[in-house]
$ cat start.txt   # compact mmCIF, C-alpha atoms and all ligand atoms
# COMPACT_ATOMS: atom_id res chain seq x y z
CA MET A 19 1.57 -3.14 -12.17
CA SER A 20 1.20 -1.60 -8.75
CA GLY A 21 2.84 1.43 -7.16
CA ARG A 22 4.56 -0.77 -4.65
CA ASP A 23 6.16 -2.90 -7.42
CA ILE A 24 7.88 0.09 -8.93
CA ASN A 25 9.25 1.86 -5.92
CA PRO A 26 11.52 0.28 -3.34
CA VAL A 27 9.16 1.54 -0.64
CA ARG A 28 6.97 -0.81 1.38
CA PHE A 29 3.42 0.34 1.88
CA PRO A 30 1.24 -1.30 4.52
CA ASP A 31 -1.20 -3.89 3.17
CA THR A 32 -4.06 -2.30 5.05
CA MET A 33 -4.98 1.27 5.96
CA LYS A 34 -7.51 3.30 7.94
CA ALA A 35 -10.56 4.42 5.97
CA VAL A 36 -13.91 6.05 6.72
CA VAL A 37 -16.66 3.84 5.31
CA TYR A 38 -20.38 3.22 5.65
CA ARG A 39 -22.49 0.25 4.62
CA GLU A 40 -25.97 1.65 4.95
CA PHE A 41 -27.47 5.08 4.37
CA GLY A 42 -28.48 7.08 7.40
CA GLY A 43 -27.38 9.59 10.02
CA PRO A 44 -23.79 10.44 10.98
CA GLU A 45 -23.66 7.28 13.14
CA VAL A 46 -23.37 5.05 10.02
CA LEU A 47 -19.80 6.32 9.48
CA HIS A 48 -17.04 4.06 10.79
CA CYS A 49 -13.28 4.00 10.63
CA GLU A 50 -12.13 0.56 9.47
CA GLU A 51 -9.02 -1.24 8.21
CA VAL A 52 -9.32 -1.88 4.48
CA ALA A 53 -6.89 -3.01 1.79
CA THR A 54 -4.42 -0.35 0.65
CA PRO A 55 -5.14 0.39 -3.04
CA GLN A 56 -2.53 -0.23 -5.70
CA ALA A 57 -1.72 2.25 -8.42
CA GLY A 58 -2.11 1.11 -12.03
CA PRO A 59 0.42 2.07 -14.73
CA ASP A 60 -1.20 5.45 -15.43
CA GLU A 61 -1.92 6.24 -11.80
CA VAL A 62 -0.12 7.43 -8.71
CA LEU A 63 -0.46 6.38 -5.09
CA VAL A 64 -0.87 9.35 -2.76
CA LYS A 65 -0.74 9.80 0.99
CA VAL A 66 -3.82 11.68 2.18
CA LEU A 67 -2.91 14.48 4.60
CA ALA A 68 -6.25 16.25 5.12
CA VAL A 69 -9.77 16.07 3.66
CA ALA A 70 -12.44 18.77 3.53
CA ILE A 71 -16.04 17.63 4.03
CA ASP A 72 -18.30 18.92 1.26
CA TYR A 73 -21.94 19.36 2.21
CA ILE A 74 -22.95 17.05 -0.65
CA GLN A 75 -21.31 14.17 1.25
CA LEU A 76 -24.01 14.51 3.90
CA HIS A 77 -26.73 14.17 1.27
CA ILE A 78 -25.00 11.14 -0.23
CA ARG A 79 -24.57 9.53 3.21
CA ARG A 80 -28.32 9.88 3.77
CA GLY A 81 -28.90 8.05 0.51
CA GLY A 82 -29.69 11.17 -1.44
CA SER A 83 -33.08 12.58 -2.18
CA GLY A 84 -33.33 10.59 -5.38
CA ARG A 85 -32.31 13.85 -7.06
CA ILE A 86 -29.65 15.61 -5.00
CA GLY A 87 -26.46 13.76 -4.26
CA SER A 88 -28.07 10.40 -4.64
CA ALA A 89 -25.52 7.72 -3.86
CA ARG A 90 -27.00 5.81 -6.74
CA GLU A 91 -26.05 8.52 -9.19
CA SER A 92 -23.17 7.24 -11.26
CA SER A 93 -21.88 10.81 -11.71
CA TYR A 94 -20.64 10.62 -8.13
CA GLY A 95 -18.65 7.50 -8.99
CA ILE A 96 -19.95 5.65 -5.98
CA ALA A 97 -20.14 1.89 -6.21
CA GLY A 98 -20.97 -0.01 -3.12
CA PRO A 99 -21.60 -0.71 -0.32
CA PRO A 100 -19.21 -0.16 1.32
CA TYR A 101 -19.30 3.54 0.47
CA PHE A 102 -16.16 5.62 0.75
CA PRO A 103 -16.92 9.34 1.27
CA GLY A 104 -15.28 11.74 -1.17
CA GLY A 105 -14.12 15.32 -0.59
CA THR A 106 -11.35 17.64 -1.66
CA ALA A 107 -8.05 16.49 -0.20
CA CYS A 108 -4.49 17.65 0.32
CA VAL A 109 -2.26 14.74 -0.74
CA GLU A 110 1.42 13.93 -1.20
CA VAL A 111 2.62 11.71 -4.05
CA ALA A 112 4.03 8.47 -2.58
CA ALA A 113 4.53 6.13 -5.58
CA LEU A 114 4.27 6.32 -9.36
CA GLY A 115 2.80 3.86 -11.86
CA THR A 116 5.09 2.78 -14.72
CA ASN A 117 3.58 5.27 -17.19
CA ALA A 118 3.03 8.04 -14.64
CA LYS A 119 5.57 10.47 -16.04
CA GLY A 120 6.09 14.09 -15.01
CA VAL A 121 4.69 13.77 -11.52
CA GLU A 122 7.20 14.38 -8.75
CA LEU A 123 7.43 12.02 -5.78
CA GLY A 124 6.70 13.93 -2.58
CA SER A 125 4.89 16.76 -4.40
CA ARG A 126 1.80 18.15 -2.67
CA HIS A 127 -1.54 18.50 -4.48
CA LEU A 128 -5.09 19.64 -3.94
CA VAL A 129 -7.28 17.02 -5.54
CA GLY A 130 -10.67 15.29 -5.59
CA GLY A 131 -11.72 12.10 -7.38
CA LEU A 132 -9.57 9.79 -5.27
CA ARG A 133 -10.01 6.01 -5.31
CA PRO A 134 -11.43 4.34 -3.26
CA GLY A 135 -12.46 7.64 -1.62
CA SER A 136 -10.89 10.67 0.05
CA CYS A 137 -11.07 9.75 3.74
CA VAL A 138 -8.39 7.06 3.48
CA GLU A 139 -4.71 6.95 4.40
CA TRP A 140 -3.60 6.01 0.90
CA ALA A 141 -5.45 6.62 -2.36
CA VAL A 142 -4.99 6.27 -6.07
CA VAL A 143 -5.48 9.05 -8.59
CA ASP A 144 -5.03 9.38 -12.36
CA ALA A 145 -1.51 10.73 -12.99
CA LYS A 146 -2.87 13.04 -15.70
CA ALA A 147 -4.80 14.95 -13.03
CA LEU A 148 -1.53 15.91 -11.29
CA GLN A 149 0.52 16.99 -14.31
CA PRO A 150 2.42 20.23 -13.64
CA ARG A 151 2.35 23.04 -16.20
CA PRO A 152 5.36 23.07 -18.52
CA ASP A 153 6.17 26.67 -17.59
CA GLY A 154 6.30 25.84 -13.86
CA ARG A 155 3.29 28.08 -13.05
CA PRO A 156 0.61 26.72 -10.69
CA GLY A 157 -1.49 23.94 -12.27
CA THR A 158 -5.03 22.85 -11.45
CA THR A 159 -3.91 20.91 -8.35
CA ALA A 160 -1.47 23.51 -7.02
CA CYS A 161 -1.46 24.39 -3.31
CA PRO A 162 -0.58 27.74 -1.71
CA PRO A 163 2.96 26.97 -0.48
CA SER A 164 2.53 28.57 2.96
CA PHE A 165 -0.69 26.67 3.81
CA THR A 166 -0.99 23.70 6.17
CA PRO A 167 -2.58 20.52 4.69
CA GLU A 168 -5.87 21.43 6.40
CA GLN A 169 -5.82 24.95 4.94
CA VAL A 170 -5.02 23.51 1.50
CA ALA A 171 -8.00 21.12 1.63
CA ALA A 172 -10.31 23.94 2.78
CA PHE A 173 -8.92 26.20 0.04
CA GLY A 174 -10.21 23.59 -2.43
CA TYR A 175 -13.59 25.38 -2.38
CA ALA A 176 -12.11 28.68 -3.58
CA PRO A 177 -12.55 27.75 -7.28
CA VAL A 178 -16.25 27.10 -6.58
CA ALA A 179 -16.65 30.48 -4.86
CA TYR A 180 -14.69 32.25 -7.62
CA HIS A 181 -16.51 30.66 -10.55
CA THR A 182 -20.02 30.93 -9.10
CA LEU A 183 -19.53 34.63 -8.33
CA LYS A 184 -17.34 35.96 -11.09
CA ILE A 185 -18.05 33.75 -14.12
CA ALA A 186 -21.54 32.30 -13.53
CA ALA A 187 -23.18 35.32 -11.85
CA GLY A 188 -20.88 37.89 -13.52
CA LEU A 189 -20.39 39.86 -10.29
CA LYS A 190 -18.80 43.24 -11.02
CA ALA A 191 -17.16 46.00 -9.00
CA GLY A 192 -19.74 48.34 -7.51
CA GLU A 193 -22.51 45.71 -7.45
CA THR A 194 -24.08 44.36 -4.27
CA VAL A 195 -24.13 40.63 -3.62
CA LEU A 196 -26.16 38.71 -1.04
CA LEU A 197 -24.20 35.70 0.22
CA HIS A 198 -26.15 33.04 2.11
CA ALA A 199 -24.50 30.62 4.59
CA ALA A 200 -21.62 33.09 4.46
CA ALA A 201 -19.80 31.62 7.47
CA GLY A 202 -19.73 28.16 5.87
CA GLY A 203 -16.68 26.52 4.32
CA THR A 204 -17.32 28.00 0.88
CA GLY A 205 -19.02 31.15 2.16
CA VAL A 206 -15.97 32.47 4.02
CA LEU A 207 -14.00 32.29 0.76
CA ALA A 208 -16.87 33.89 -1.20
CA ILE A 209 -16.90 36.94 1.12
CA GLN A 210 -13.20 37.58 0.57
CA LEU A 211 -13.42 37.01 -3.18
CA ALA A 212 -16.48 39.22 -3.61
CA LYS A 213 -14.64 42.00 -1.77
CA SER A 214 -11.58 41.48 -3.96
CA PHE A 215 -13.83 41.93 -7.03
CA GLY A 216 -14.93 45.30 -5.61
CA ALA A 217 -18.46 44.27 -4.66
CA ARG A 218 -20.49 45.28 -1.62
CA VAL A 219 -21.24 42.19 0.47
CA LEU A 220 -24.41 41.49 2.43
CA ALA A 221 -23.88 38.24 4.33
CA THR A 222 -26.36 35.94 6.06
CA ALA A 223 -25.48 33.38 8.72
CA GLY A 224 -27.21 31.60 11.58
CA SER A 225 -25.54 32.73 14.82
CA PRO A 226 -23.91 35.82 16.38
CA GLU A 227 -20.49 34.12 16.29
CA LYS A 228 -20.88 33.39 12.58
CA LEU A 229 -21.99 36.98 11.91
CA ASP A 230 -18.88 38.31 13.70
CA LEU A 231 -16.70 36.17 11.44
CA THR A 232 -18.40 37.42 8.27
CA ARG A 233 -17.75 41.04 9.37
CA GLU A 234 -14.15 40.20 10.21
CA LEU A 235 -13.71 38.82 6.69
CA GLY A 236 -15.07 41.98 5.09
CA ALA A 237 -18.88 41.71 4.91
CA ASP A 238 -20.43 45.18 4.79
CA LEU A 239 -23.61 43.95 6.49
CA ALA A 240 -24.20 40.74 8.45
CA ILE A 241 -27.76 39.45 8.87
CA ASN A 242 -28.96 36.61 11.10
CA TYR A 243 -31.39 34.93 8.69
CA ARG A 244 -32.57 32.52 11.38
CA THR A 245 -33.89 35.25 13.67
CA ASP A 246 -34.34 38.31 11.47
CA ASP A 247 -36.26 39.13 8.29
CA PHE A 248 -33.39 39.09 5.80
CA VAL A 249 -35.54 40.44 2.95
CA ALA A 250 -36.38 43.56 4.97
CA ALA A 251 -32.73 43.98 5.99
CA VAL A 252 -31.52 43.69 2.39
CA LEU A 253 -34.14 46.11 1.05
CA GLU A 254 -33.27 48.60 3.77
CA ALA A 255 -29.54 48.30 3.02
CA THR A 256 -30.15 48.89 -0.70
CA SER A 257 -32.70 51.71 -0.31
CA GLY A 258 -35.44 49.37 -1.55
CA ARG A 259 -33.63 48.55 -4.79
CA GLY A 260 -32.43 45.02 -3.99
CA VAL A 261 -29.17 43.26 -4.82
CA GLU A 262 -27.71 42.57 -8.25
CA VAL A 263 -26.50 39.07 -7.29
CA VAL A 264 -27.71 36.37 -4.89
CA TRP A 265 -25.32 33.51 -4.08
CA GLU A 266 -27.57 30.66 -3.00
CA SER A 267 -26.86 27.18 -1.63
CA VAL A 268 -29.42 26.90 1.16
CA GLY A 269 -32.62 26.25 -0.80
CA GLY A 270 -36.20 26.08 0.51
CA GLU A 271 -37.59 29.33 1.93
CA VAL A 272 -34.23 31.06 1.66
CA PHE A 273 -34.29 30.51 -2.11
CA THR A 274 -37.91 31.67 -2.42
CA GLN A 275 -37.51 34.73 -0.21
CA SER A 276 -34.29 35.75 -1.95
CA LEU A 277 -36.28 36.49 -5.11
CA ASN A 278 -37.97 39.28 -3.16
CA CYS A 279 -34.73 41.11 -2.47
CA MET A 280 -33.28 41.11 -5.99
CA ALA A 281 -32.89 44.24 -8.09
CA GLU A 282 -34.33 44.59 -11.60
CA GLY A 283 -32.24 42.34 -13.88
CA GLY A 284 -30.69 40.59 -10.86
CA ARG A 285 -28.87 37.26 -11.18
CA MET A 286 -29.15 34.37 -8.73
CA VAL A 287 -26.64 31.55 -8.86
CA SER A 288 -27.96 28.35 -7.26
CA PHE A 289 -25.27 25.76 -6.58
CA GLY A 290 -26.57 23.60 -3.75
CA SER A 291 -29.38 23.02 -1.28
CA ASN A 292 -28.34 22.54 2.34
CA THR A 293 -31.99 22.34 3.37
CA PHE A 294 -32.05 19.17 1.28
CA THR A 295 -34.90 20.41 -0.90
CA GLY A 296 -34.34 20.03 -4.60
CA THR A 297 -37.98 20.31 -5.50
CA GLY A 298 -40.82 22.62 -4.65
CA GLN A 299 -42.90 25.40 -6.06
CA VAL A 300 -41.22 28.44 -7.50
CA ASP A 301 -43.17 31.65 -7.91
CA PHE A 302 -42.21 32.91 -11.36
CA TRP A 303 -43.82 36.31 -10.86
CA PRO A 304 -40.59 38.02 -9.63
CA PHE A 305 -38.75 36.55 -12.64
CA TRP A 306 -41.20 38.17 -15.05
CA VAL A 307 -41.70 41.54 -13.39
CA LYS A 308 -38.03 42.07 -12.52
CA ASN A 309 -36.33 40.29 -15.46
CA LEU A 310 -34.45 38.03 -13.05
CA LYS A 311 -32.01 35.36 -14.15
CA LEU A 312 -31.55 32.03 -12.39
CA ILE A 313 -28.21 30.35 -13.07
CA GLY A 314 -27.78 26.72 -12.09
CA TRP A 315 -24.24 25.69 -11.17
CA GLY A 316 -22.77 22.19 -10.72
CA GLY A 317 -21.60 19.17 -12.72
CA SER A 318 -19.36 20.39 -15.56
CA SER A 319 -19.12 23.86 -13.96
CA ASN A 320 -16.71 22.27 -11.50
CA ALA A 321 -14.26 21.44 -14.29
CA GLU A 322 -14.62 24.98 -15.68
CA ALA A 323 -13.82 26.35 -12.22
CA HIS A 324 -10.61 24.35 -11.89
CA THR A 325 -8.53 25.91 -14.66
CA PRO A 326 -4.84 26.74 -14.20
CA GLU A 327 -5.69 30.45 -14.70
CA ILE A 328 -8.26 30.47 -11.91
CA MET A 329 -5.98 28.46 -9.58
CA GLU A 330 -3.14 30.87 -10.25
CA ALA A 331 -5.33 33.90 -9.51
CA LEU A 332 -6.52 32.28 -6.27
CA ILE A 333 -3.03 31.27 -5.15
CA ASP A 334 -1.81 34.82 -5.81
CA LEU A 335 -4.59 36.15 -3.57
CA ALA A 336 -3.75 33.55 -0.90
CA GLN A 337 -0.05 34.41 -0.98
CA ALA A 338 -0.91 38.10 -0.67
CA ASP A 339 -2.94 37.15 2.46
CA ARG A 340 -6.16 38.37 0.81
CA LEU A 341 -7.79 34.92 0.69
CA ARG A 342 -7.63 32.51 3.59
CA PRO A 343 -9.82 29.54 4.44
CA VAL A 344 -11.25 29.26 7.94
CA VAL A 345 -10.16 26.07 9.70
CA ARG A 346 -11.57 25.67 13.20
CA HIS A 347 -12.74 22.05 13.21
CA VAL A 348 -10.32 19.20 12.48
CA TYR A 349 -11.35 15.63 13.39
CA PRO A 350 -9.50 12.31 13.11
CA PHE A 351 -11.00 9.72 10.72
CA GLY A 352 -12.20 7.80 13.79
CA ASP A 353 -14.48 10.71 14.67
CA ALA A 354 -15.96 11.33 11.22
CA SER A 355 -19.49 10.96 12.59
CA SER A 356 -18.91 13.91 14.99
CA ALA A 357 -17.65 15.98 12.06
CA HIS A 358 -20.78 15.27 9.99
CA ARG A 359 -22.99 15.89 13.02
CA LEU A 360 -21.40 19.28 13.66
CA ILE A 361 -22.21 20.40 10.10
CA GLU A 362 -25.72 18.97 10.19
CA GLU A 363 -26.46 20.75 13.48
CA ARG A 364 -25.33 24.01 11.85
CA LEU A 365 -22.61 24.47 14.46
CA SER A 366 -19.66 24.44 12.06
CA ILE A 367 -17.83 27.62 11.19
CA GLY A 368 -15.71 27.57 8.04
CA LYS A 369 -14.68 24.20 6.68
CA VAL A 370 -14.78 20.96 8.68
CA LEU A 371 -11.75 18.78 8.02
CA LEU A 372 -10.79 15.16 8.59
CA ARG A 373 -7.29 13.79 8.87
CA PRO A 374 -5.93 10.26 9.23
N1 LIG A 401 -22.73 22.27 -7.22
C1 LIG A 401 -21.48 21.89 -6.91
O1 LIG A 401 -20.78 21.29 -7.70
C2 LIG A 401 -20.93 22.26 -5.57
C3 LIG A 401 -19.57 22.13 -5.28
C4 LIG A 401 -19.14 22.49 -4.00
C5 LIG A 401 -20.05 22.94 -3.05
N2 LIG A 401 -21.37 23.01 -3.40
C6 LIG A 401 -22.37 23.45 -2.44
O2 LIG A 401 -21.93 24.62 -1.81
C7 LIG A 401 -22.61 24.74 -0.57
C8 LIG A 401 -21.60 25.09 0.49
O3 LIG A 401 -20.85 23.92 0.74
P1 LIG A 401 -19.97 23.76 2.03
O4 LIG A 401 -19.46 22.37 1.98
O5 LIG A 401 -19.02 24.90 2.14
O6 LIG A 401 -21.05 23.82 3.18
P2 LIG A 401 -21.30 24.87 4.34
O7 LIG A 401 -21.67 26.18 3.76
O8 LIG A 401 -20.14 24.87 5.27
O9 LIG A 401 -22.58 24.22 4.99
C9 LIG A 401 -22.88 24.28 6.30
C10 LIG A 401 -23.67 25.53 6.63
O10 LIG A 401 -24.86 25.61 5.83
C11 LIG A 401 -25.83 26.38 6.53
N3 LIG A 401 -27.16 25.76 6.45
C12 LIG A 401 -28.26 26.35 5.95
N4 LIG A 401 -29.30 25.55 6.02
C13 LIG A 401 -28.89 24.42 6.61
C14 LIG A 401 -29.55 23.22 6.98
N5 LIG A 401 -30.84 23.01 6.76
N6 LIG A 401 -28.81 22.26 7.58
C15 LIG A 401 -27.51 22.43 7.80
N7 LIG A 401 -26.82 23.57 7.46
C16 LIG A 401 -27.53 24.55 6.88
C17 LIG A 401 -25.36 26.45 7.97
O11 LIG A 401 -24.93 27.76 8.23
P3 LIG A 401 -25.96 28.80 8.94
O12 LIG A 401 -26.24 28.26 10.29
O13 LIG A 401 -25.18 30.06 8.96
O14 LIG A 401 -27.17 28.82 8.07
C18 LIG A 401 -24.18 25.48 8.03
O15 LIG A 401 -23.20 25.89 8.96
C19 LIG A 401 -23.33 23.40 -0.35
O16 LIG A 401 -24.68 23.53 -0.69
C20 LIG A 401 -22.62 22.48 -1.31
O17 LIG A 401 -23.40 21.38 -1.70
C21 LIG A 401 -21.81 22.70 -4.62
$ encode --input "start.txt" --output "structure tokens"
Amino acid sequence: MSGRDINPVRFPDTMKAVVYREFGGPEVLHCEEVATPQAGPDEVLVKVLAVAIDYIQLHIRRGGSGRIGSARESSYGIAGPPYFPGGTACVEVAALGTNAKGVELGSRHLVGGLRPGSCVEWAVVDAKALQPRPDGRPGTTACPPSFTPEQVAAFGYAPVAYHTLKIAAGLKAGETVLLHAAAGGTGVLAIQLAKSFGARVLATAGSPEKLDLTRELGADLAINYRTDDFVAAVLEATSGRGVEVVWESVGGEVFTQSLNCMAEGGRMVSFGSNTFTGTGQVDFWPFWVKNLKLIGWGGSSNAEAHTPEIMEALIDLAQADRLRPVVRHVYPFGDASSAHRLIEERLSIGKVLLRP
């Protein structure tokens, strides 16, 4: 049975969607009319209000590296072509399947895993994913009430920042953390969270404007890692000792060089590779002589990051105005290629969003 059979609301037969049929550069993205999906008995139909672009979507659009974000990887749930890009979205419940109990029509949620994708006007999602907590406290898809849909979608990366720093890397008050790509969509949240945990933050970013933002958000030191020697800057800032934690999603040389600015017993959490390099040679010497730990983060870590307890802690911080996403770039679906291009050219600051 479909959502439209159950509710006396008419939904259009077709909708706008961002799709691509071949792998390649940003130009392969198009906005097309496709069939509006129908919710099954255990599903709900949602109206998509805003979608945050995750860097992994760029890898997938290129066809993956065979290892990172490969569109052929079933774990990304991508069947096609046509391919429908994913991403964390702010949605509103529009219709319920017959068995979709407990979900309120019109309620707003922060959710991924939408079918057929996230950059669509209407999407279907498993009703179980949207279940509220019985005690009325924020659940895994809760949104900060005062946020706009774009801020909600961008806030969707706060659980990643929280879990990578606090749980995976075990960042503690008084420690120093090196955050790379700190003016990115996830980085801006990581700065604020690391400060809220009582850590000292050394932030890298690739332009003066980005460095200003990292300072504004609380970074104790901002380093331009495209023009300056970040290893020297970090060693100077830590009196030669190095940092306890490195938060790493850039890969390549940034990964390799980061090993040289870690303190004895330091932990590095690696959760992405914006340089698109998932392979390469790693010098194990620093691991042996400094007892370093490398923590990989991804896959099931995402589920561990999206617990009601973590969401509640993050929403409390947001409501206290101690955690805010940075939203400077919002594009209509029809201009999705410009949005991807902006990120790829390293010109984006904070999260890049799409809206119907
Ligand atoms: N493992 C997981 O499950 C998971 C989940 C969510 C996110 N992630 C990862 O978290 C990281 C952050 O994600 P995000 O979506 O918030 O992205 P983002 O940080 O906003 O990414 C864009 C920024 O990355 C930096 N960058 C460094 N090298 C780059 C290169 N070669 N090309 C383009 N940009 C480069 C640029 O900043 P500068 O100019 O300042 O260098 C750019 O502005 C990504 O690696 C993403 O895949 C992983």
$ closest_residue --input "start.txt" --among "A:Asp353, A:Asp72, A:Asp144, A:Glu234" --to "ligand LIG 401 (chain A)" --atoms "all atoms listed in the file"
A:Asp72
$ atom_distance --input "start.txt" --atom1 "atom CA of A:Tyr349" --atom2 "atom CA of A:Ala221"
27.4 Å
$ residues_around --input "start.txt" --residues "stretch 321-333 of chain A" --least-positions-apart "2" --cutoff "10 Å" --atoms "all atoms listed in the file" --output "PyMOL selection string"
chain A and resi 150-151+155-163+173-182+185-186+211+316-319+335-342
$ residues_near_ligand --input "start.txt" --ligand "ligand LIG 401 (chain A)" --cutoff "7 Å" --atoms "only C-alpha atoms and all ligand atoms" --output "PyMOL selection string"
chain A and resi 71-74+175+178+199-205+222-225+228+267-268+289-294+315-317+319-320+361-369
$ closest_residue --input "start.txt" --among "A:Val109, A:Val142, A:Ile78, A:Cys137" --to "A:Ala57" --atoms "all atoms listed in the file"
A:Val142
$ decode --input "start.txt" --residues "stretch 111-128 of chain A" --atoms "N, CA, C and O atoms" --output "compact mmCIF listing (two decimals), in the first residue's frame"
# COMPACT_ATOMS: atom_id res chain seq x y z
N VAL A 111 7.61 14.77 7.83
CA VAL A 111 6.79 13.60 7.51
C VAL A 111 5.50 14.04 6.81
O VAL A 111 4.76 14.88 7.33
N ALA A 112 5.26 13.46 5.62
CA ALA A 112 4.11 13.89 4.80
C ALA A 112 3.02 12.84 4.74
O ALA A 112 1.84 13.18 4.59
N ALA A 113 3.36 11.56 4.84
CA ALA A 113 2.34 10.49 4.77
C ALA A 113 2.89 9.24 5.44
O ALA A 113 4.09 8.98 5.41
N LEU A 114 1.97 8.47 6.04
CA LEU A 114 2.38 7.28 6.79
C LEU A 114 1.91 6.01 6.11
O LEU A 114 0.77 5.95 5.63
N GLY A 115 2.75 4.96 6.10
CA GLY A 115 2.30 3.65 5.65
C GLY A 115 1.35 3.05 6.69
O GLY A 115 1.30 3.53 7.83
N THR A 116 0.62 2.01 6.30
CA THR A 116 -0.42 1.46 7.19
C THR A 116 0.13 0.98 8.53
O THR A 116 -0.54 1.09 9.55
N ASN A 117 1.35 0.46 8.55
CA ASN A 117 1.92 -0.03 9.82
C ASN A 117 2.85 0.98 10.47
O ASN A 117 3.51 0.66 11.46
N ALA A 118 2.96 2.15 9.90
CA ALA A 118 3.92 3.15 10.39
C ALA A 118 3.34 3.87 11.60
O ALA A 118 2.86 4.99 11.49
N LYS A 119 3.37 3.21 12.72
CA LYS A 119 2.77 3.78 13.93
C LYS A 119 3.80 4.64 14.68
O LYS A 119 5.00 4.41 14.60
N GLY A 120 3.28 5.59 15.44
CA GLY A 120 4.12 6.36 16.36
C GLY A 120 4.85 7.53 15.73
O GLY A 120 5.50 8.30 16.43
N VAL A 121 4.77 7.65 14.43
CA VAL A 121 5.44 8.77 13.77
C VAL A 121 4.40 9.85 13.49
O VAL A 121 3.32 9.56 12.94
N GLU A 122 4.73 11.07 13.85
CA GLU A 122 3.75 12.15 13.74
C GLU A 122 3.82 12.84 12.38
O GLU A 122 4.92 13.24 11.93
N LEU A 123 2.66 12.99 11.74
CA LEU A 123 2.62 13.73 10.47
C LEU A 123 3.11 15.16 10.72
O LEU A 123 2.73 15.77 11.73
N GLY A 124 3.92 15.67 9.84
CA GLY A 124 4.41 17.05 9.98
C GLY A 124 5.63 17.17 10.87
O GLY A 124 6.22 18.25 10.96
N SER A 125 6.04 16.07 11.53
CA SER A 125 7.22 16.17 12.41
C SER A 125 8.49 16.29 11.57
O SER A 125 8.58 15.77 10.45
N ARG A 126 9.46 17.00 12.13
CA ARG A 126 10.71 17.28 11.40
C ARG A 126 11.81 16.35 11.90
O ARG A 126 11.91 16.11 13.10
N HIS A 127 12.61 15.84 10.98
CA HIS A 127 13.66 14.88 11.35
C HIS A 127 14.96 15.16 10.60
O HIS A 127 14.94 15.72 9.50
N LEU A 128 16.03 14.70 11.22
CA LEU A 128 17.36 14.75 10.60
C LEU A 128 17.70 13.31 10.27
O LEU A 128 17.83 12.47 11.16
